[in-house]
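K.L.:
Questions regarding the structure given below will be posed in turn.
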Amino acid sequence: MKRQVVAVLLGYLLLLMPSLSLAGTFRDNFDDGDFIGWKPNIAAGISVVDGELSLKGADSLFVKVGDPLWKGYSFETQVKIAEFTNGGWFSIRTLQGSTGDLTGYYELRFTQSGTIAMLHVNNQHVESFRVPEVLEENVWHSVKIESSNGKVLFYLDGVLTAQLTDLKLSGYVDICSTKGTHVYIDSVVIPGPNVPDTGPSGPNSFAVYPRSKSISTWGKTKQD
C-alpha cells in the first residue's frame with residue numbers, strides 16, 4: 001500500500017514538474033550596456049547610457065519584449081522622466097498580443113496633465129482610471145503592475161493608484177515615448193509562467209551588481 005502511495009506521489013510530481021519548469025523571471029538592469037532581448041521599432045533614439053535604457057527622439061519610440069504566450073506575469077521597473085515635451089507622453093503596455101488592439105492590452109500612460117491606467121479591447125478604452133498628479137521630472141519612480149483577485153493592479157512608488165478588470169490577456173511588454181519626451185528605464189523584472197530566466201542584465205548578462213537608484217515615494221511627490 002505504501003509503495004502504491006509513493007508511486008502515485010512520484011507520478012504527480014513528474015506531471016507537475018514540466019509546468020513548474022516553464023515559470024521564470026526576465027530581468028534587465030542594462031548594466032551590460034545593451035538591450036539584447038528587446039525589439040526597438042527604430043534604431044535611432046534608443047540606447048543604453050550609463051546602465052540605463054534611454055528613449056529620446058522626435059518620433060515615437062518603443063521597445064518590446066516578450067512572447068504571445070507570456071501570461072499571468074507581473075511587471076516592475078524604475079522610471080525617470082528626464083523631460084516632458086508639449087503633447088508628448090510615456091507609456092508602459094503589458095499583456096499586449098501580437099495583433100494589438102484586437103487582442104487587447106493594459107496601458108499605464110504618463111503625461112504632463114496626469115497619469116492614466118487603461119484597458120484597451122477592440123480598439124476601445126473599455127476601462128480607464130486617471131490620477132491627476134504628474135510624475136516629478138528627473139526623479140526615479142517605481143512602477144509595478146500585477147494581477148490579483150480578478151483585478152490588474154497599478155502601483156506607483158508602492159502606492160496602489162488604479163485597478164482594472166483582469167481579462168486574462170497574454171503577450172508582450174511595450175515601453176513607448178512620443179514627441180521627444182525623454183525617458184530613462186532601469187531594473188526591469190518580469191516573473192511569470194512561460195517567461196524565461198535571465199541574468200540581472202537580460203539574456204546577454206555580463207554585469208552582476210545592480211546600480212543604486214534614489215527613488216522618491218509617490219506620497220512625497222504629491223506633497224511636494
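Ordered as shown in the C-alpha cells, chains take letters A, B, and onward, while each chain numbers its residues from 1 and ligands are numbered from 1 in the order shown.
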List as a Markdown table every residue of segment 88-150 of chain A that is in contact with segment 68-73 of chain A, defined as an atom at most 12 Å from one of its atoms (using only C-alpha atoms), together with the nearest atom pair and the distance in Å rounded to one decimal, sorted by chain and then rising number.

P.N.:
```
| residue | atom | partner | partner_atom | distance |
| --- | --- | --- | --- | --- |
| A:Thr94 | CA | A:Tyr73 | CA | 9.2 |
| A:Leu95 | CA | A:Lys71 | CA | 7.0 |
| A:Gln96 | CA | A:Pro68 | CA | 7.8 |
| A:Gly97 | CA | A:Pro68 | CA | 5.7 |
| A:Ser98 | CA | A:Pro68 | CA | 6.4 |
| A:Thr99 | CA | A:Pro68 | CA | 9.5 |
| A:Gly100 | CA | A:Pro68 | CA | 10.8 |
| A:Thr103 | CA | A:Pro68 | CA | 10.3 |
| A:Gly104 | CA | A:Pro68 | CA | 11.9 |
| A:Tyr105 | CA | A:Lys71 | CA | 11.7 |
| A:Lys144 | CA | A:Tyr73 | CA | 11.1 |
| A:Ile145 | CA | A:Tyr73 | CA | 8.9 |
| A:Glu146 | CA | A:Tyr73 | CA | 7.0 |
| A:Ser147 | CA | A:Gly72 | CA | 7.3 |
| A:Ser148 | CA | A:Gly72 | CA | 9.8 |
| A:Gly150 | CA | A:Gly72 | CA | 11.4 |
```

K.L.:
How would you write, as a PyMOL selection string, the set of residues in chain A that DSSP gives as strand (DSSP E or B)?

P.N.:
chain A and resi 24-28+39-40+46-49+52-55+61-65+71+75-83+90-96+105-111+114-121+124-131+140-148+151-156+159-165+170+172-177+182-192+199+201-202+215

K.L.:
Of the residues A:Phe26, A:Phe35, A:Phe154, A:Phe90, which is the one nearest to Thr111 of chain A, using only C-alpha atoms?

P.N.:
A:Phe90

K.L.:
Please compute the atom CA of Ile46 of chain A-atom CA of Val63 of chain A distance, one decimal, in Å.

P.N.:
8.2 Å

K.L.:
Give the answer as one residue: which of A:Asp32, A:Glu76, A:Glu83, A:Glu52 has the shortest atom-to-atom distance to Ser177 of chain A, using only C-alpha atoms?

P.N.:
A:Glu83

K.L.:
Compile the contact shell of Thr198 of chain A as number ranges by chain: residues with an atom at most 7 Å away, counting only C-alpha atoms, same-chain residues fewer than 5 positions apart removed.

P.N.:
A: 25-27, 203

K.L.:
Please identify all polymer residues within 12 Å of Asn149 of chain A, counting only C-alpha atoms, omitting same-chain residues fewer than 2 positions from it, and present them as a PyMOL selection string.

P.N.:
chain A and resi 146-147+151-153+163-168

K.L.:
Keeping C-alpha atoms for every residue in the selection just given, could you write it to a file as a PDB file, in the first residue's frame?

P.N.:
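Generated output (out_6.pdb):
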```pdb
ATOM      1  CA  GLU A 146       0.284  42.782 -11.284  1.00  0.00           C
ATOM      2  CA  SER A 147      -2.953  40.788 -11.221  1.00  0.00           C
ATOM      3  CA  LYS A 151      -8.055  42.784 -10.998  1.00  0.00           C
ATOM      4  CA  VAL A 152      -4.951  44.191 -12.651  1.00  0.00           C
ATOM      5  CA  LEU A 153      -3.322  46.496 -10.098  1.00  0.00           C
ATOM      6  CA  GLN A 163      -7.204  48.707 -10.632  1.00  0.00           C
ATOM      7  CA  LEU A 164      -8.858  47.375 -13.779  1.00  0.00           C
ATOM      8  CA  THR A 165     -10.664  44.131 -14.655  1.00  0.00           C
ATOM      9  CA  ASP A 166      -8.381  41.175 -15.294  1.00  0.00           C
ATOM     10  CA  LEU A 167      -9.382  39.703 -18.671  1.00  0.00           C
ATOM     11  CA  LYS A 168      -6.603  37.064 -18.593  1.00  0.00           C
TER      12      LYS A 168
END
```

K.L.:
Go through A:Thr85, A:Asn122, A:Ser170, A:Ser113 one by one, measure the shortest atom-to-atom distance of each to Asn194 of chain A using only C-alpha atoms, and give the residue with the smallest value.

P.N.:
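Comparing A:Thr85, A:Asn122, A:Ser170, A:Ser113 against Asn194 of chain A, the winner is A:Ser170.
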
K.L.:
Pick from A:Leu53, A:Gly66, A:Leu169, A:Phe30: nearest to Leu102 of chain A, with only C-alpha atoms counted?

P.N.:
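Among A:Leu53, A:Gly66, A:Leu169, A:Phe30, it is A:Leu169 that comes nearest to Leu102 of chain A.
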
K.L.:
Do a neighbour search on Ser91 of chain A at 9 Å with only C-alpha atoms, toss out local chain neighbours closer than 3 positions, and write the hits as number ranges by chain.

P.N.:
A: 107-111, 174-178

K.L.:
Got a sec: who's within 7 Å of Val65 of chain A, counting only C-alpha atoms, leaving out chain neighbours fewer than 2 positions off, as JSON, numbers by chain?

P.N.:
{"A": [37, 38, 39, 63, 172, 173, 174]}

K.L.:
At what distance in Å, to one decimal, does atom CA of Asp50 of chain A lie from atom CA of Asp31 of chain A?

P.N.:
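For atom CA of Asp31 of chain A relative to atom CA of Asp50 of chain A, the distance reads 7.4 Å.
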